[in-house]
$ cat start-v3.pdb   # PDB, C-alpha atoms and all ligand atoms
MODEL        1
ATOM      1  CA  MET A   1      -8.451-160.031-100.114
ATOM      2  CA  THR A   2      -6.010-157.300-101.054
ATOM      3  CA  VAL A   3      -4.401-156.145-104.268
ATOM      4  CA  VAL A   4      -0.913-154.665-103.984
ATOM      5  CA  ASP A   5       1.295-152.966-106.540
ATOM      6  CA  ALA A   6      -1.318-153.219-109.269
ATOM      7  CA  TRP A   7      -0.640-151.325-112.488
ATOM      8  CA  VAL A   8      -2.140-150.750-115.901
ATOM      9  CA  LYS A   9      -0.375-150.625-119.237
ATOM     10  CA  ALA A  10      -0.469-147.194-120.890
ATOM     11  CA  ALA A  11      -2.369-147.106-124.193
ATOM     12  CA  ASP A  12      -3.903-144.461-126.417
ATOM     13  CA  GLU A  13      -6.967-146.412-127.441
ATOM     14  CA  GLY A  14      -8.340-149.900-127.888
ATOM     15  CA  MET A  15      -7.183-152.492-125.391
ATOM     16  CA  SER A  16      -5.008-152.461-122.324
ATOM     17  CA  ALA A  17      -4.477-154.747-119.356
ATOM     18  CA  ALA A  18      -4.095-154.577-115.587
ATOM     19  CA  PHE A  19      -1.625-156.634-113.548
ATOM     20  CA  GLY A  20      -0.674-157.204-109.936
ATOM     21  CA  PRO A  21      -0.846-159.820-107.181
ATOM     22  CA  LEU A  22      -4.316-160.710-105.879
ATOM     23  CA  ILE A  23      -3.700-161.761-102.296
ATOM     24  CA  ASN A  24      -6.235-163.878-100.463
ATOM     25  CA  ASP A  25      -5.661-163.544 -96.726
ATOM     26  CA  SER A  26      -8.810-165.432 -95.794
ATOM     27  CA  ASP A  27      -9.188-169.104 -94.970
ATOM     28  CA  ARG A  28     -11.396-169.872 -97.932
ATOM     29  CA  GLU A  29     -10.864-169.972-101.660
ATOM     30  CA  LEU A  30     -12.032-166.872-103.534
ATOM     31  CA  THR A  31     -13.053-166.585-107.161
ATOM     32  CA  VAL A  32     -13.051-163.314-109.072
ATOM     33  CA  VAL A  33     -15.843-163.521-111.623
ATOM     34  CA  ALA A  34     -15.897-160.001-113.057
ATOM     35  CA  ALA A  35     -14.027-156.705-113.194
ATOM     36  CA  GLU A  36     -15.368-153.241-113.863
ATOM     37  CA  SER A  37     -13.753-149.865-114.443
ATOM     38  CA  ALA A  38     -14.783-146.518-115.852
ATOM     39  CA  ALA A  39     -11.634-146.720-118.004
ATOM     40  CA  SER A  40     -13.160-149.324-120.335
ATOM     41  CA  THR A  41     -16.638-150.074-121.596
ATOM     42  CA  MET A  42     -15.966-153.789-121.159
ATOM     43  CA  LEU A  43     -13.498-155.770-119.114
ATOM     44  CA  GLU A  44     -12.651-159.453-119.249
ATOM     45  CA  LEU A  45     -10.592-161.842-117.164
ATOM     46  CA  HIS A  46      -7.898-163.284-119.418
ATOM     47  CA  GLU A  47      -5.323-166.028-119.328
ATOM     48  CA  THR A  48      -2.392-166.494-121.684
ATOM     49  CA  VAL A  49      -1.916-169.883-123.300
ATOM     50  CA  GLU A  50       0.046-171.418-126.132
ATOM     51  CA  ASP A  51      -2.016-172.165-129.179
ATOM     52  CA  GLU A  52      -1.443-175.173-131.435
ATOM     53  CA  THR A  53       1.398-173.376-133.235
ATOM     54  CA  GLY A  54       3.231-172.478-130.026
ATOM     55  CA  GLN A  55       2.197-168.839-130.265
ATOM     56  CA  LEU A  56       1.169-167.148-127.017
ATOM     57  CA  VAL A  57      -2.400-165.986-127.191
ATOM     58  CA  MET A  58      -4.751-164.704-124.557
ATOM     59  CA  ARG A  59      -8.323-165.721-124.048
ATOM     60  CA  ARG A  60     -11.159-165.188-121.669
ATOM     61  CA  VAL A  61     -11.266-167.303-118.512
ATOM     62  CA  GLU A  62     -14.884-168.361-118.319
ATOM     63  CA  SER A  63     -14.613-169.722-114.793
ATOM     64  CA  GLY A  64     -12.915-166.625-113.352
ATOM     65  CA  PHE A  65      -9.706-166.257-111.361
ATOM     66  CA  THR A  66      -9.488-168.619-108.401
ATOM     67  CA  ILE A  67      -7.244-167.558-105.524
ATOM     68  CA  PRO A  68      -6.496-170.282-102.968
ATOM     69  CA  ALA A  69      -7.063-169.744 -99.246
ATOM     70  CA  ASP A  70      -4.052-167.962 -97.731
ATOM     71  CA  GLY A  71      -2.569-167.759-101.193
ATOM     72  CA  GLN A  72      -2.255-165.454-104.130
ATOM     73  CA  LEU A  73      -2.750-165.243-107.848
ATOM     74  CA  VAL A  74      -0.239-163.032-109.634
ATOM     75  CA  LEU A  75      -1.582-161.175-112.643
ATOM     76  CA  GLU A  76       1.397-160.460-114.890
ATOM     77  CA  PRO A  77       2.337-159.847-118.528
ATOM     78  CA  GLY A  78       2.421-163.182-120.314
ATOM     79  CA  GLY A  79       0.026-164.677-117.777
ATOM     80  CA  ASP A  80      -3.329-163.948-116.242
ATOM     81  CA  HIS A  81      -4.553-160.362-116.446
ATOM     82  CA  ILE A  82      -7.565-158.100-116.337
ATOM     83  CA  MET A  83      -8.267-157.016-119.908
ATOM     84  CA  LEU A  84      -9.624-153.602-120.689
ATOM     85  CA  MET A  85     -11.350-154.346-123.968
ATOM     86  CA  ASP A  86     -12.282-150.869-125.147
ATOM     87  CA  LEU A  87     -10.742-147.828-123.481
ATOM     88  CA  THR A  88     -12.999-144.836-122.921
ATOM     89  CA  ALA A  89     -10.023-142.428-122.910
ATOM     90  CA  PRO A  90      -6.243-142.624-123.386
ATOM     91  CA  LEU A  91      -4.354-144.129-120.442
ATOM     92  CA  ARG A  92      -1.205-142.122-119.777
ATOM     93  CA  ALA A  93       1.631-142.944-117.404
ATOM     94  CA  GLY A  94       0.846-141.373-114.055
ATOM     95  CA  ASP A  95      -2.934-141.689-114.383
ATOM     96  CA  GLU A  96      -4.807-143.765-111.825
ATOM     97  CA  VAL A  97      -7.480-146.274-112.738
ATOM     98  CA  THR A  98     -10.048-147.578-110.274
ATOM     99  CA  PHE A  99     -11.194-151.174-110.597
ATOM    100  CA  VAL A 100     -13.993-153.058-108.905
ATOM    101  CA  LEU A 101     -13.657-156.826-108.710
ATOM    102  CA  THR A 102     -16.727-158.970-108.094
ATOM    103  CA  PHE A 103     -16.373-162.329-106.392
ATOM    104  CA  SER A 104     -18.485-165.428-106.805
ATOM    105  CA  ASP A 105     -20.262-164.661-103.506
ATOM    106  CA  ASP A 106     -21.248-161.195-104.873
ATOM    107  CA  SER A 107     -18.837-159.355-102.594
ATOM    108  CA  THR A 108     -16.670-156.707-104.234
ATOM    109  CA  LEU A 109     -13.220-155.198-103.850
ATOM    110  CA  THR A 110     -12.197-151.764-105.110
ATOM    111  CA  PHE A 111      -8.583-150.861-105.813
ATOM    112  CA  ASP A 112      -6.638-148.184-107.665
ATOM    113  CA  ALA A 113      -3.825-148.900-110.084
ATOM    114  CA  PRO A 114      -1.373-146.435-111.615
ATOM    115  CA  VAL A 115      -0.761-146.401-115.352
ATOM    116  CA  LYS A 116       2.763-147.289-116.486
ATOM    117  CA  ASP A 117       4.496-147.317-119.832
ATOM    118  CA  TYR A 118       5.229-150.915-120.741
ATOM    119  CA  ALA A 119       6.403-152.333-124.054
ATOM    120  CA  GLY A 120       5.310-155.948-123.569
ATOM    121  CA  ALA A 121       1.968-157.647-123.013
ATOM    122  CA  ASN A 122       1.165-157.663-126.707
ATOM    123  CA  GLU A 123      -0.221-161.170-126.962
ATOM    124  CA  SER A 124      -2.889-161.675-129.566
ATOM    125  CA  TYR A 125      -6.443-161.866-128.424
ATOM    126  CA  HIS A 126      -7.840-165.253-129.273
ATOM    127  CA  GLU A 127     -11.519-165.040-130.028
ATOM    128  CA  GLY A 128     -12.036-168.740-130.437
ATOM    129  CA  ASP A 129     -11.689-168.822-134.206
ATOM    130  CA  GLU A 130      -8.732-169.388-136.481
ATOM    131  CA  HIS A 131      -8.623-166.287-138.608
ATOM    132  CA  GLY A 132      -6.865-164.020-136.170
ATOM    133  CA  ASP A 133      -3.567-162.492-137.213
ATOM    134  CA  HIS A 134      -1.109-163.876-134.700
ATOM    135  CA  THR A 135       1.321-161.026-135.180
ATOM    136  CA  ASP A 136      -1.296-158.451-134.274
ATOM    137  CA  SER A 137      -0.754-156.203-131.316
ATOM    138  CA  HIS A 138      -3.528-154.964-129.064
ATOM    139  CA  GLY A 139      -3.674-151.591-130.714
ATOM    140  CA  GLU A 140      -4.159-152.908-134.219
ATOM    141  CA  HIS A 141      -6.552-155.680-133.429
ATOM    142  CA  ASP A 142     -10.196-155.367-134.335
ATOM    143  CA  HIS A 143     -11.932-156.396-131.160
ATOM    144  CA  GLY A 144     -15.408-155.273-132.107
ATOM    145  CA  GLU A 145     -16.772-158.792-131.886
ATOM    146  CA  ALA A 146     -14.997-159.695-128.681
ATOM    147  CA  ASP A 147     -18.085-160.435-126.646
ATOM    148  CA  HIS A 148     -18.484-163.948-128.077
TER     149      HIS A 148
HETATM  150 CU    CU A 201      -6.025-160.044-122.576
ENDMDL
END
$ encode --input "start-v3.pdb" --output "structure tokens"
Amino acid sequence: MTVVDAWVKAADEGMSAAFGPLINDSDRELTVVAAESAASTMLELHETVEDETGQLVMRRVESGFTIPADGQLVLEPGGDHIMLMDLTAPLRAGDEVTFVLTFSDDSTLTFDAPVKDYAGANESYHEGDEHGDHTDSHGEHDHGEADH
């Protein structure tokens, strides 16, 4: 399993997200079940879906990211991503963030990702209730109760 060209969205505080292709070069399916980084007190694996109003929202993937044998899963803005729920320090373009992914078999993979300025990836975080403000951006959203 390798991660190439990963990157993290620059942010001053609150939430950010990491993207990049997860490449499975083995002959068995792999499932990423958790991500950790010193850059955030909590990380989640997110997918982006349309809610009932057609608005794009992101939500936690309870079953993890599955990467097919000899295949890849591309984490990208508007799609699946690794969510940094609560940054421990500002992420500035040019910084490097180290991530550790844990797989369903308890193996791990460590990779570094540079921070880049990026204007998109502002989908609302869907916490499973209906009183979220769909026009919210990451930075303005109160995610204090995000751990379900
Ligand atoms: Cu997210």
$ closest_residue --input "start-v3.pdb" --among "A:Leu109, A:Val115, A:Met85, A:Ala69" --to "Asp25 (chain A)" --atoms "only C-alpha atoms"
A:Ala69
$ closest_residue --input "start-v3.pdb" --among "A:Ala35, A:Met42, A:Ala17, A:Ala113" --to "ligand CU 201 (chain A)" --atoms "all atoms listed in the file"
A:Ala17
$ resolve_selection --input "start-v3.pdb" --expression "the PyMOL selection byres (((not hetatm)) within 6 of (chain A and resi 201))" --output "list in words"
His46, Met58 and Met83 of chain A
$ axis_aligned_box --input "start-v3.pdb" --around "region 10-19 of chain A" --padding-each-side "4 Å" --output "lines of an AutoDock Vina configuration file"
center_x = -4.4
center_y = -150.5
center_z = -120.7
size_x = 15.9
size_y = 20.2
size_z = 22.3
$ closest_residue --input "start-v3.pdb" --among "A:Thr88, A:Asn24, A:Gln55, A:Thr110" --to "Leu73 (chain A)" --atoms "all atoms listed in the file"
A:Asn24
$ atom_distance --input "start-v3.pdb" --atom1 "CA of Val8 (chain A)" --atom2 "CA of Asp95 (chain A)"
9.2 Å
$ atom_distance --input "start-v3.pdb" --atom1 "CA of Thr2 (chain A)" --atom2 "CA of Leu56 (chain A)"
28.7 Å
$ decode --input "start-v3.pdb" --residues "region 73-95 of chain A" --atoms "N, CA, C and O atoms" --output "compact mmCIF listing (two decimals), in the first residue's frame"
# COMPACT_ATOMS: atom_id res chain seq x y z
N LEU A 73 -7.98 3.90 -4.23
CA LEU A 73 -9.08 4.75 -3.82
C LEU A 73 -8.52 6.16 -3.80
O LEU A 73 -7.53 6.44 -3.12
N VAL A 74 -9.13 7.05 -4.57
CA VAL A 74 -8.63 8.42 -4.66
C VAL A 74 -9.39 9.30 -3.67
O VAL A 74 -10.60 9.44 -3.77
N LEU A 75 -8.64 9.85 -2.72
CA LEU A 75 -9.23 10.82 -1.80
C LEU A 75 -9.12 12.18 -2.46
O LEU A 75 -8.03 12.61 -2.82
N GLU A 76 -10.25 12.87 -2.64
CA GLU A 76 -10.21 14.14 -3.35
C GLU A 76 -11.32 15.05 -2.86
O GLU A 76 -12.33 14.58 -2.31
N PRO A 77 -11.14 16.38 -3.05
CA PRO A 77 -12.18 17.32 -2.65
C PRO A 77 -13.50 16.97 -3.34
O PRO A 77 -13.52 16.67 -4.53
N GLY A 78 -14.57 16.96 -2.59
CA GLY A 78 -15.86 16.58 -3.13
C GLY A 78 -16.10 15.09 -3.07
O GLY A 78 -17.16 14.61 -3.50
N GLY A 79 -15.14 14.35 -2.53
CA GLY A 79 -15.27 12.89 -2.44
C GLY A 79 -14.80 12.41 -1.08
O GLY A 79 -14.97 13.10 -0.07
N ASP A 80 -14.21 11.23 -1.09
CA ASP A 80 -13.68 10.69 0.17
C ASP A 80 -12.47 11.50 0.62
O ASP A 80 -11.70 12.00 -0.21
N HIS A 81 -12.28 11.60 1.93
CA HIS A 81 -11.13 12.33 2.45
C HIS A 81 -10.88 11.95 3.90
O HIS A 81 -11.73 11.37 4.56
N ILE A 82 -9.69 12.28 4.35
CA ILE A 82 -9.35 12.13 5.77
C ILE A 82 -9.61 13.47 6.43
O ILE A 82 -9.01 14.48 6.06
N MET A 83 -10.50 13.49 7.40
CA MET A 83 -10.91 14.75 8.03
C MET A 83 -10.11 14.99 9.29
O MET A 83 -10.05 14.13 10.17
N LEU A 84 -9.51 16.15 9.35
CA LEU A 84 -8.87 16.59 10.58
C LEU A 84 -9.92 17.42 11.33
O LEU A 84 -10.30 18.49 10.89
N MET A 85 -10.42 16.88 12.41
CA MET A 85 -11.59 17.46 13.06
C MET A 85 -11.27 18.68 13.92
O MET A 85 -12.11 19.53 14.12
N ASP A 86 -10.08 18.73 14.47
CA ASP A 86 -9.77 19.81 15.41
C ASP A 86 -8.26 20.04 15.40
O ASP A 86 -7.52 19.36 16.10
N LEU A 87 -7.83 21.01 14.60
CA LEU A 87 -6.40 21.24 14.41
C LEU A 87 -5.74 21.67 15.73
O LEU A 87 -6.29 22.44 16.50
N THR A 88 -4.54 21.17 15.94
CA THR A 88 -3.78 21.54 17.13
C THR A 88 -2.97 22.80 16.90
O THR A 88 -2.54 23.44 17.85
N ALA A 89 -2.75 23.16 15.62
CA ALA A 89 -2.00 24.38 15.29
C ALA A 89 -2.38 24.76 13.86
O ALA A 89 -2.88 23.92 13.11
N PRO A 90 -2.17 26.02 13.48
CA PRO A 90 -2.49 26.40 12.09
C PRO A 90 -1.69 25.57 11.09
O PRO A 90 -0.52 25.26 11.33
N LEU A 91 -2.34 25.21 9.99
CA LEU A 91 -1.67 24.52 8.89
C LEU A 91 -1.40 25.54 7.80
O LEU A 91 -2.33 26.11 7.23
N ARG A 92 -0.13 25.78 7.52
CA ARG A 92 0.25 26.78 6.52
C ARG A 92 0.85 26.08 5.31
O ARG A 92 1.54 25.08 5.44
N ALA A 93 0.61 26.66 4.14
CA ALA A 93 1.20 26.13 2.91
C ALA A 93 2.69 25.95 3.10
O ALA A 93 3.37 26.84 3.59
N GLY A 94 3.19 24.78 2.73
CA GLY A 94 4.60 24.48 2.87
C GLY A 94 4.91 23.62 4.08
O GLY A 94 5.96 22.99 4.14
N ASP A 95 4.00 23.60 5.08
CA ASP A 95 4.17 22.68 6.20
C ASP A 95 4.04 21.25 5.72
O ASP A 95 3.47 20.99 4.66
